[in-house]
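One structure is given below, encoded as structure tokens.
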Amino acid sequence: AKFVQAQVECNNAKPLQGADGVRRRRLAWGYVLDALRIATDELNRPRYDFLVYNAAVVLWDIVYPLLRDGAARYAVMPLQTLCDALEEVDDEKDLDLRVRYQRALGLCYDDAEEASLAGQCLAKAKELAQRRCSIAQEEVDASNTALEEAAEALEAAKNARLALDNDDEGEVVEEDAPAPAPAPGDVPEDDATTATEATLDTAQRDSMAEYEAREKRKSDLEDARKAKRENALAKADAAVLKAEQARSDAEVRQTKAMEVTKVERTKLEDVFLH
């Protein structure tokens with residue numbers, strides 16, 4: 001509700017010039033400062049820390065038109081209060097915002113002919129800009145490491161897949177030799193002829209049954225081996241795809257990190273120049 005009231009008063013101040021505009025903007029940022037006092041109360045921290053960022057967004061619209069020679073001095077108090085709140089919360093995600101506010105506050109002190117305080121604000125802005133640049137560089141280093149690890153993992157996955165391709169697919173399933181048929185001399189002589197024929201017939205049937213059973217076992221083992229190999233190949237292919245995706249993600253992360261670092265260095269140079 002405080003922010004809404006502040007925005008309403010800010011809109012009312014837009015057509016006003018001179019002292020009338022300043023008075024209306026003071027009324028607007030008064031609501032923002034009320035919200036800040038609530039947000040930074042010890043009983044409400046860190047639960048309401050997010051309100052400090054919200055206050056910064058709203059306050060900027062209110063004070064920005066005053067950031068010029070002859071008018072910036074009137075914005076010292078709200079900007080100093082907001083900068084103190086941002087420093088108290090000390091959220092790294094707000095570093096860019098904190099740099100902007102410290103520079104603006106330095107401009108206000110300079111307009112108020114407070115050179116020492118203006119210098120302190122600019123020094124703080126440089127410190128925060130350097131900190132943001134360092135964080136960006138750390139992300140570049142981390143992304144480089146992640147890319148190297150992803151490339152190594154991909155190479156290992158490809159080698160594992162290649163090793164499976166080079167495996168010998170012609171494995172031979174060895175079976176014990178079939179038991180020999182009983183010799184004719186193992187039966188009584190008076191029944192030798194009949195027994196021999198019966199034994200040979202039985203031996204042939206047993207031999208065929210054993211052969212068929214052996215071939216079935218061999219076929220089953222071969223099927224199991226092929227299924228195991230196909231499963232291993234599928235897992236290896238999946239590992240390669242996963243490693244390729246990880247490398248691609250690492251490349252994107254590295255590119256983004258390098259772009260952010262470039263932007264942050266440009267911002268840092270701008271802070272040093274101004």
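Chain lettering (A, B, ...) mirrors the order of the structure tokens, residue numbering begins at 1 for each chain separately, and ligand numbering begins at 1 in order of display.
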
Residues near stretch 248-254 of chain A, anyone? I mean within 8 Å using only C-alpha atoms, not counting same-chain ones fewer than 5 positions away, as an MDAnalysis selection string. chainID A and resid 140 143:144 146:147 150

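The space between atom CA of A:Thr145 and atom CA of A:Ala234 spans 28.6 Å.
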
Selection: 10 Å around stretch 112-120 of chain A, only C-alpha atoms, excl. self and same-chain fewer than 6 positions, as a list in words: Asp69, Gly70, Ala71, Ala72, Arg73, Tyr74, Ala75, Val76, Gln102, Arg103, Ala104, Leu105, Gly106 and Lys126 of chain A

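Between atom CA of A:Cys133 and atom CA of A:Asp94 there is a distance of 13.2 Å.
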
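From atom CA of A:Leu36 back to atom CA of A:Leu86, the distance works out to 10.1 Å.
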
Counting only C-alpha atoms, what is within 12 Å of A:Met77, bar same-chain residues fewer than 6 positions away, as a PyMOL selection string? chain A and resi 26+29-30+33+59+63+83-84+104-106+108-109+112

From the list A:Lys235, A:Arg23, A:Arg37, A:Lys262, which residue is nearest A:Glu9 when using only C-alpha atoms? A:Arg23

Would you return as a VMD selection string the members of stretch 45-197 of chain A that DSSP assigns to helix (DSSP H, G or I) on this structure's backbone? chain A and resid 50 to 66 72 to 89 92 to 111 115 to 165 184 to 186 189 to 197

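When only C-alpha atoms are used to compute distances to A:Leu95, the closest of the residues A:Leu268, A:Ala156, A:Val8, A:Ala39 turns out to be A:Leu268.
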
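Closest approach to A:Asp34 among A:Lys228, A:Leu122, A:Lys218, A:Gln5: A:Gln5, based on only C-alpha atoms.
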
Which polymer residues have any atom within 9 Å of an atom of A:Leu233, counting only C-alpha atoms, with same-chain residues fewer than 5 positions away left out, as an MDAnalysis selection string? chainID A and resid 161 164:165 228 238

For the selection just defined, write its residues with N, CA, C and O atoms to a file, as a PDB file, in the first residue's frame.
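And here's out.pdb as it stands now:
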```
ATOM      1  N   ARG A 161      31.642 -46.727 -25.501  1.00  0.00           N
ATOM      2  CA  ARG A 161      30.782 -47.193 -26.607  1.00  0.00           C
ATOM      3  C   ARG A 161      31.604 -47.879 -27.683  1.00  0.00           C
ATOM      4  O   ARG A 161      31.208 -48.924 -28.222  1.00  0.00           O
ATOM      5  N   LEU A 164      32.605 -51.410 -26.736  1.00  0.00           N
ATOM      6  CA  LEU A 164      31.529 -52.381 -26.938  1.00  0.00           C
ATOM      7  C   LEU A 164      31.446 -52.796 -28.410  1.00  0.00           C
ATOM      8  O   LEU A 164      31.184 -53.964 -28.720  1.00  0.00           O
ATOM      9  N   ASP A 165      31.660 -51.854 -29.310  1.00  0.00           N
ATOM     10  CA  ASP A 165      31.634 -52.181 -30.736  1.00  0.00           C
ATOM     11  C   ASP A 165      32.746 -53.141 -31.109  1.00  0.00           C
ATOM     12  O   ASP A 165      32.591 -53.959 -32.027  1.00  0.00           O
ATOM     13  N   LYS A 228      21.985 -58.957 -23.429  1.00  0.00           N
ATOM     14  CA  LYS A 228      22.851 -58.229 -22.516  1.00  0.00           C
ATOM     15  C   LYS A 228      23.685 -57.203 -23.264  1.00  0.00           C
ATOM     16  O   LYS A 228      23.864 -56.066 -22.819  1.00  0.00           O
ATOM     17  N   ALA A 238      22.974 -43.936 -24.506  1.00  0.00           N
ATOM     18  CA  ALA A 238      22.331 -42.949 -23.633  1.00  0.00           C
ATOM     19  C   ALA A 238      23.371 -42.118 -22.887  1.00  0.00           C
ATOM     20  O   ALA A 238      23.202 -40.905 -22.710  1.00  0.00           O
TER      21      ALA A 238
END
```

Near A:Cys10, counting only C-alpha atoms, which residues have an atom at most 7 Å away, once you skip same-chain residues fewer than 3 positions from it, shown as a PDB file with N, CA and C atoms, in the first residue's frame?
```
ATOM      1  N   ALA A   6       3.016   5.928  -2.991  1.00  0.00           N
ATOM      2  CA  ALA A   6       4.191   6.635  -3.494  1.00  0.00           C
ATOM      3  C   ALA A   6       4.106   6.819  -5.008  1.00  0.00           C
ATOM      4  N   GLN A   7       3.656   5.798  -5.720  1.00  0.00           N
ATOM      5  CA  GLN A   7       3.549   5.893  -7.170  1.00  0.00           C
ATOM      6  C   GLN A   7       2.466   6.894  -7.586  1.00  0.00           C
ATOM      7  N   ALA A  13       3.358  14.392  -9.359  1.00  0.00           N
ATOM      8  CA  ALA A  13       4.480  15.340  -9.389  1.00  0.00           C
ATOM      9  C   ALA A  13       5.006  15.574 -10.806  1.00  0.00           C
ATOM     10  N   LYS A  14       4.708  14.688 -11.735  1.00  0.00           N
ATOM     11  CA  LYS A  14       5.293  14.778 -13.075  1.00  0.00           C
ATOM     12  C   LYS A  14       5.023  16.102 -13.787  1.00  0.00           C
ATOM     13  N   ARG A  25       7.364  15.331  -4.732  1.00  0.00           N
ATOM     14  CA  ARG A  25       8.231  14.143  -4.737  1.00  0.00           C
ATOM     15  C   ARG A  25       8.667  13.780  -3.322  1.00  0.00           C
ATOM     16  N   ALA A  28       6.003  11.745  -2.022  1.00  0.00           N
ATOM     17  CA  ALA A  28       6.022  10.403  -2.609  1.00  0.00           C
ATOM     18  C   ALA A  28       7.081   9.531  -1.950  1.00  0.00           C
ATOM     19  N   ILE A  62      10.944   8.117  -8.582  1.00  0.00           N
ATOM     20  CA  ILE A  62      10.618   9.374  -7.899  1.00  0.00           C
ATOM     21  C   ILE A  62      11.763  10.372  -7.980  1.00  0.00           C
TER      22      ILE A  62
END
```

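With distances restricted to only C-alpha atoms, A:Leu97 is the closest residue to A:Leu128 from A:Val57, A:Leu221, A:Ala157, A:Leu97.
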